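Structure file model_16.cif (mmCIF, C-alpha atoms) follows.
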```
data_final
#
loop_
_atom_site.label_atom_id
_atom_site.label_comp_id
_atom_site.auth_asym_id
_atom_site.auth_seq_id
_atom_site.Cartn_x
_atom_site.Cartn_y
_atom_site.Cartn_z
CA MET L 1 3.59 8.36 7.35
CA GLN L 2 7.32 9.10 7.29
CA SER L 3 8.66 8.60 3.76
CA LYS L 4 12.26 8.15 4.89
CA PHE L 5 13.53 6.28 7.90
CA TRP L 6 16.38 8.02 9.66
CA ARG L 7 19.15 6.26 11.55
CA VAL L 8 19.74 7.98 14.86
CA GLY L 9 22.44 7.51 17.49
CA ARG L 10 23.60 3.91 18.02
CA ARG L 11 21.64 2.69 14.96
CA ILE L 12 24.20 4.30 12.65
CA LYS L 13 26.24 1.40 11.25
CA ALA L 14 29.32 3.17 9.84
CA GLU L 15 32.62 3.17 11.70
CA LYS L 16 33.56 6.72 10.60
CA VAL L 17 31.16 9.52 9.72
CA ARG L 18 31.38 13.05 8.36
CA VAL L 19 29.87 15.24 11.07
CA ILE L 20 28.01 18.52 10.60
CA GLY L 21 27.39 20.63 13.70
CA GLU L 22 24.04 22.09 14.80
CA ASP L 23 25.07 25.44 13.26
CA GLY L 24 25.50 23.79 9.83
CA LYS L 25 29.29 23.97 9.80
CA GLN L 26 31.32 20.88 9.00
CA ILE L 27 33.23 19.43 11.95
CA GLY L 28 35.04 16.73 9.95
CA VAL L 29 35.36 12.96 9.64
CA LEU L 30 35.22 11.34 13.08
CA PRO L 31 34.91 7.80 14.47
CA ILE L 32 31.26 7.03 15.31
CA GLU L 33 31.95 6.83 19.07
CA GLU L 34 33.49 10.30 19.14
CA ALA L 35 30.62 11.74 17.06
CA LEU L 36 28.05 10.22 19.44
CA ARG L 37 29.94 11.58 22.46
CA LEU L 38 30.02 15.04 20.87
CA ALA L 39 26.26 14.95 20.27
CA GLU L 40 25.55 13.75 23.83
CA GLU L 41 27.68 16.55 25.31
CA LYS L 42 25.49 19.08 23.52
CA GLY L 43 22.29 17.26 24.56
CA LEU L 44 21.34 16.56 20.92
CA ASP L 45 21.04 13.57 18.61
CA LEU L 46 23.33 12.32 15.86
CA VAL L 47 21.20 11.78 12.72
CA GLU L 48 22.44 10.08 9.54
CA ILE L 49 21.41 12.40 6.70
CA VAL L 50 23.24 10.97 3.67
CA PRO L 51 23.72 7.23 4.24
CA ASP L 52 25.01 6.54 0.70
CA ALA L 53 28.00 8.89 0.93
CA ASP L 54 31.48 7.63 1.78
CA PRO L 55 31.77 8.22 4.73
CA PRO L 56 28.05 8.74 5.62
CA VAL L 57 27.08 12.31 6.52
CA CYS L 58 25.61 12.81 10.00
CA LYS L 59 24.27 15.95 11.59
CA ILE L 60 24.05 16.91 15.25
CA VAL L 61 20.45 18.07 15.74
CA ASP L 62 17.40 17.77 17.97
CA PHE L 63 15.69 14.82 16.23
CA GLY L 64 12.12 15.94 17.00
CA ARG L 65 12.74 19.37 15.54
CA PHE L 66 14.55 17.80 12.58
CA LEU L 67 11.48 15.64 11.76
CA TYR L 68 9.21 18.66 12.10
CA GLU L 69 11.32 20.65 9.64
CA GLN L 70 11.41 17.73 7.17
CA LYS L 71 7.60 17.47 7.21
CA LYS L 72 7.37 21.23 6.72
CA LYS L 73 9.68 21.02 3.67
CA GLU L 74 7.59 18.16 2.20
CA LYS L 75 4.40 20.22 2.64
CA GLU L 76 6.02 23.19 0.87
CA ILE L 77 7.04 20.98 -2.03
CA LYS L 78 3.51 19.54 -2.30
CA LYS L 79 2.01 23.02 -2.14
CA GLY L 80 4.13 24.09 -5.12
CA GLN L 81 2.90 21.22 -7.27
CA LYS L 82 -0.15 21.78 -9.40
CA SER L 83 -2.33 18.79 -10.16
CA VAL L 84 -4.28 18.91 -13.40
CA GLU L 85 -7.53 17.01 -13.48
CA ILE L 86 -8.50 15.13 -16.62
CA LYS L 87 -12.24 15.29 -17.24
CA GLU L 88 -13.85 12.96 -19.73
CA MET L 89 -16.68 13.60 -22.19
CA ARG L 90 -18.15 10.66 -24.09
CA PHE L 91 -19.74 10.77 -27.49
CA SER L 92 -21.42 8.22 -29.71
CA PRO L 93 -20.66 7.92 -33.44
CA LYS L 94 -24.37 8.55 -34.12
CA ILE L 95 -24.62 11.73 -32.01
CA GLN L 96 -26.74 14.60 -33.35
CA GLU L 97 -25.40 18.12 -33.92
CA HIS L 98 -27.46 19.70 -31.12
CA ASP L 99 -26.18 17.12 -28.60
CA ILE L 100 -22.61 17.91 -29.65
CA GLU L 101 -23.27 21.62 -29.02
CA ILE L 102 -24.58 20.92 -25.49
CA LYS L 103 -21.55 18.77 -24.63
CA VAL L 104 -19.16 21.31 -26.16
CA LYS L 105 -20.65 23.99 -23.90
CA LYS L 106 -19.73 21.86 -20.86
CA ILE L 107 -16.23 21.18 -22.23
CA LYS L 108 -15.67 24.95 -22.67
CA GLU L 109 -16.72 25.46 -19.06
CA TRP L 110 -14.20 22.86 -17.89
CA LEU L 111 -11.38 24.30 -19.98
CA LEU L 112 -11.92 27.96 -19.13
CA GLU L 113 -13.18 27.92 -15.53
CA GLU L 114 -11.58 24.84 -13.98
CA ASP L 115 -8.42 24.81 -16.15
CA ALA L 116 -8.75 21.05 -16.60
CA LYS L 117 -7.67 18.81 -19.45
CA VAL L 118 -10.51 17.06 -21.26
CA LYS L 119 -10.44 13.61 -22.77
CA ILE L 120 -12.87 13.28 -25.66
CA VAL L 121 -13.98 9.67 -26.13
CA VAL L 122 -16.07 8.44 -29.05
CA LYS L 123 -17.43 5.13 -27.79
CA ALA L 124 -18.35 2.58 -30.44
CA LYS L 125 -20.74 -0.31 -29.85
CA GLY L 126 -20.78 -3.45 -31.97
CA ARG L 127 -20.13 -2.81 -35.65
CA GLU L 128 -19.75 0.94 -35.10
CA ALA L 129 -16.09 0.23 -34.28
CA LEU L 130 -15.49 -0.66 -37.95
CA TYR L 131 -16.25 2.91 -39.04
CA GLU L 132 -13.29 4.74 -37.59
CA ASP L 133 -13.74 7.57 -40.10
CA VAL L 134 -17.20 8.35 -38.66
CA MET L 135 -15.71 8.44 -35.15
CA LYS L 136 -12.96 10.77 -36.38
CA GLN L 137 -15.61 13.07 -37.88
CA VAL L 138 -17.28 13.40 -34.47
CA ILE L 139 -13.97 14.51 -32.90
CA ASP L 140 -13.44 16.94 -35.82
CA LYS L 141 -16.92 18.45 -35.25
CA VAL L 142 -16.16 18.91 -31.56
CA MET L 143 -12.83 20.57 -32.35
CA ASN L 144 -14.51 22.88 -34.90
CA HIS L 145 -16.81 24.10 -32.11
CA LEU L 146 -13.84 24.45 -29.72
CA GLY L 147 -11.39 25.88 -32.25
CA ASP L 148 -11.06 29.25 -30.53
CA VAL L 149 -10.45 27.90 -27.00
CA ALA L 150 -8.89 24.43 -27.29
CA GLU L 151 -6.07 22.53 -28.94
CA PHE L 152 -5.01 18.89 -29.04
CA GLU L 153 -2.53 17.84 -26.40
CA LYS L 154 -2.74 14.32 -27.78
CA PRO L 155 -4.37 13.90 -31.21
CA PRO L 156 -7.03 11.21 -31.80
CA TYR L 157 -5.83 7.69 -31.05
CA LYS L 158 -7.48 4.28 -30.99
CA GLU L 159 -8.12 2.85 -27.54
CA GLY L 160 -9.70 -0.57 -27.99
CA ARG L 161 -13.11 0.05 -29.58
CA ASN L 162 -12.95 3.77 -28.75
CA LEU L 163 -11.34 6.75 -30.42
CA SER L 164 -9.93 9.22 -27.88
CA ALA L 165 -8.19 12.59 -27.88
CA ILE L 166 -6.94 14.81 -25.07
CA ILE L 167 -7.43 18.56 -25.38
CA THR L 168 -6.25 21.52 -23.33
CA LYS L 169 -6.89 25.24 -23.23
CA LYS L 170 -5.18 27.04 -26.09
CA ARG L 171 -1.92 28.70 -25.12
CA LYS L 172 -1.54 32.36 -25.95
#
```

Please render this file's structure as structure tokens.
Amino acid sequence: MQSKFWRVGRRIKAEKVRVIGEDGKQIGVLPIEEALRLAEEKGLDLVEIVPDADPPVCKIVDFGRFLYEQKKKEKEIKKGQKSVEIKEMRFSPKIQEHDIEIKVKKIKEWLLEEDAKVKIVVKAKGREALYEDVMKQVIDKVMNHLGDVAEFEKPPYKEGRNLSAIITKKRK
């Protein structure tokens, strides 16, 4: 649950630490015993924030509140991230034109409404894998239908027996 384990109080291993007060102002470099005494006088905890520094940086805070604020910051960071889903549409080298049109309609829907990336896969069975040019033609037909709304993010590439390409919505 907690991504980082914090050393608190007597678990801090350093002999001297750089101490930051509860108001955020730097108190200075103190022996660990004096820093712990200072925190206890204020009824707060001494938390090691930057263990890799020389000397380690510790802050005098209420540990429960500190954890709450850290979780809140992590949630804010996650909220700011945008995850892009990659949808996949499979084709056969022998696919008919009408079937391509139906699948292209669904791809357009994904690109425009859901703002997803789409992986186009031309799946070859048996000897079909020998005719890479036919597989490439299928991807070209799909891109001709999608020319006004899509562009290659990753041009066609061989993936085992399959030929794949990743497309995204065209940038303006």

* Asked: Between L:Arg18, L:Lys72, L:Arg37, L:Lys25, which is the closest to Val50 in chain L once you count all atoms listed in the file?
  ->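 Between L:Arg18, L:Lys72, L:Arg37, L:Lys25, the residue approaching Val50 in chain L most closely is L:Arg18.
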
* Asked: Of the candidates L:Phe63, L:Tyr131, L:Trp6, L:Trp110, which shows the shortest atom-to-atom distance to Leu163 in chain L, using all atoms listed in the file?
  ->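 Using all atoms listed in the file, the shortest distance to Leu163 in chain L belongs to L:Tyr131.
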
* Asked: Please, what distance in Å, to one decimal, runs between CA of Lys123 in chain L and CA of Arg90 in chain L?
  ->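 Taking CA of Lys123 in chain L and CA of Arg90 in chain L, their separation equals 6.7 Å.
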
* To do: State, in Å with one decimal place, the distance from CA of Lys106 in chain L to CA of Val118 in chain L.
  =>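 Spanning CA of Lys106 in chain L to CA of Val118 in chain L is a straight-line distance of 10.4 Å.
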
* Which value, in Å to one decimal, gives the distance between CA of Pro31 in chain L and CA of Val19 in chain L? ->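 Between CA of Pro31 in chain L and CA of Val19 in chain L the gap is 9.6 Å.
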
Once the PyMOL selection byres ((chain L and resi 14) around 12) has been applied to the shown file, what residues remain in the selection, as a PDB file with C-alpha atoms, in the coordinates of the input?
```pdb
ATOM      1  CA  ARG L   7      19.150   6.260  11.550  1.00  0.00           C
ATOM      2  CA  VAL L   8      19.740   7.980  14.860  1.00  0.00           C
ATOM      3  CA  GLY L   9      22.440   7.510  17.490  1.00  0.00           C
ATOM      4  CA  ARG L  10      23.600   3.910  18.020  1.00  0.00           C
ATOM      5  CA  ARG L  11      21.640   2.690  14.960  1.00  0.00           C
ATOM      6  CA  ILE L  12      24.200   4.300  12.650  1.00  0.00           C
ATOM      7  CA  LYS L  13      26.240   1.400  11.250  1.00  0.00           C
ATOM      8  CA  GLU L  15      32.620   3.170  11.700  1.00  0.00           C
ATOM      9  CA  LYS L  16      33.560   6.720  10.600  1.00  0.00           C
ATOM     10  CA  VAL L  17      31.160   9.520   9.720  1.00  0.00           C
ATOM     11  CA  ARG L  18      31.380  13.050   8.360  1.00  0.00           C
ATOM     12  CA  VAL L  29      35.360  12.960   9.640  1.00  0.00           C
ATOM     13  CA  LEU L  30      35.220  11.340  13.080  1.00  0.00           C
ATOM     14  CA  PRO L  31      34.910   7.800  14.470  1.00  0.00           C
ATOM     15  CA  ILE L  32      31.260   7.030  15.310  1.00  0.00           C
ATOM     16  CA  GLU L  33      31.950   6.830  19.070  1.00  0.00           C
ATOM     17  CA  ALA L  35      30.620  11.740  17.060  1.00  0.00           C
ATOM     18  CA  LEU L  36      28.050  10.220  19.440  1.00  0.00           C
ATOM     19  CA  GLU L  48      22.440  10.080   9.540  1.00  0.00           C
ATOM     20  CA  VAL L  50      23.240  10.970   3.670  1.00  0.00           C
ATOM     21  CA  PRO L  51      23.720   7.230   4.240  1.00  0.00           C
ATOM     22  CA  ASP L  52      25.010   6.540   0.700  1.00  0.00           C
ATOM     23  CA  ALA L  53      28.000   8.890   0.930  1.00  0.00           C
ATOM     24  CA  ASP L  54      31.480   7.630   1.780  1.00  0.00           C
ATOM     25  CA  PRO L  55      31.770   8.220   4.730  1.00  0.00           C
ATOM     26  CA  PRO L  56      28.050   8.740   5.620  1.00  0.00           C
ATOM     27  CA  VAL L  57      27.080  12.310   6.520  1.00  0.00           C
ATOM     28  CA  CYS L  58      25.610  12.810  10.000  1.00  0.00           C
TER      29      CYS L  58
END
```

* To do: Determine, counting only C-alpha atoms, which protein, DNA and RNA residues have an atom within 10 Å of an atom of Glu97 in chain L; residues of the same chain fewer than 2 positions away are not included. Present the result as a PyMOL selection string.
  => chain L and resi 94-95+99-102+138+141-142

Go ahead and save the picked residues with C-alpha atoms, as a PDB file, keeping the file's coordinate frame.
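Generated file (part01.pdb):
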```pdb
ATOM      1  CA  LYS L  94     -24.370   8.550 -34.120  1.00  0.00           C
ATOM      2  CA  ILE L  95     -24.620  11.730 -32.010  1.00  0.00           C
ATOM      3  CA  ASP L  99     -26.180  17.120 -28.600  1.00  0.00           C
ATOM      4  CA  ILE L 100     -22.610  17.910 -29.650  1.00  0.00           C
ATOM      5  CA  GLU L 101     -23.270  21.620 -29.020  1.00  0.00           C
ATOM      6  CA  ILE L 102     -24.580  20.920 -25.490  1.00  0.00           C
ATOM      7  CA  VAL L 138     -17.280  13.400 -34.470  1.00  0.00           C
ATOM      8  CA  LYS L 141     -16.920  18.450 -35.250  1.00  0.00           C
ATOM      9  CA  VAL L 142     -16.160  18.910 -31.560  1.00  0.00           C
TER      10      VAL L 142
END
```

* Asked: Using only C-alpha atoms, which of L:Lys79, L:Lys71, L:Lys108, L:Lys136 sits nearest Lys170 in chain L?
  ->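 Of the candidates, the smallest distance to Lys170 in chain L is held by L:Lys108.
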
* Asked: Pick from L:Leu112, L:Ala165, L:Lys117, L:Val122: nearest to Val149 in chain L, with all atoms listed in the file counted?
  ->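 So, comparing all the options, the nearest one is L:Leu112.
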
* Using all atoms listed in the file, pick whichever of L:Val84, L:Leu130, L:Ala39, L:Ile49 has the shortest atom-to-atom distance to Gln70 in chain L. =>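 Looking at the shortest contact to Gln70 in chain L, the residue is L:Ile49.
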
* From L:Thr168, L:Glu113, L:Gly28, L:Lys75, residue lying nearest Lys59 in chain L [all atoms listed in the file] ->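 So, comparing all the options, the nearest one is L:Gly28.
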
Would you compute an axis-aligned box for range 132-138 of chain L, covering every atom listed for it in the file with 4 Å of margin on each side, and report centre and edge lengths in Å to one decimal as JSON?
```
{"center_x": -15.1, "center_y": 9.1, "center_z": -37.3, "size_x": 12.3, "size_y": 16.7, "size_z": 13.6}
```

* To do: Name the residues in contact with Arg127 in chain L at a cut-off of 12 Å, using all atoms listed in the file, excluding same-chain residues fewer than 6 positions from it; report them as a list in words.
  =>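 The residues satisfying every condition are Pro93, Val134, Arg161 and Asn162 of chain L.
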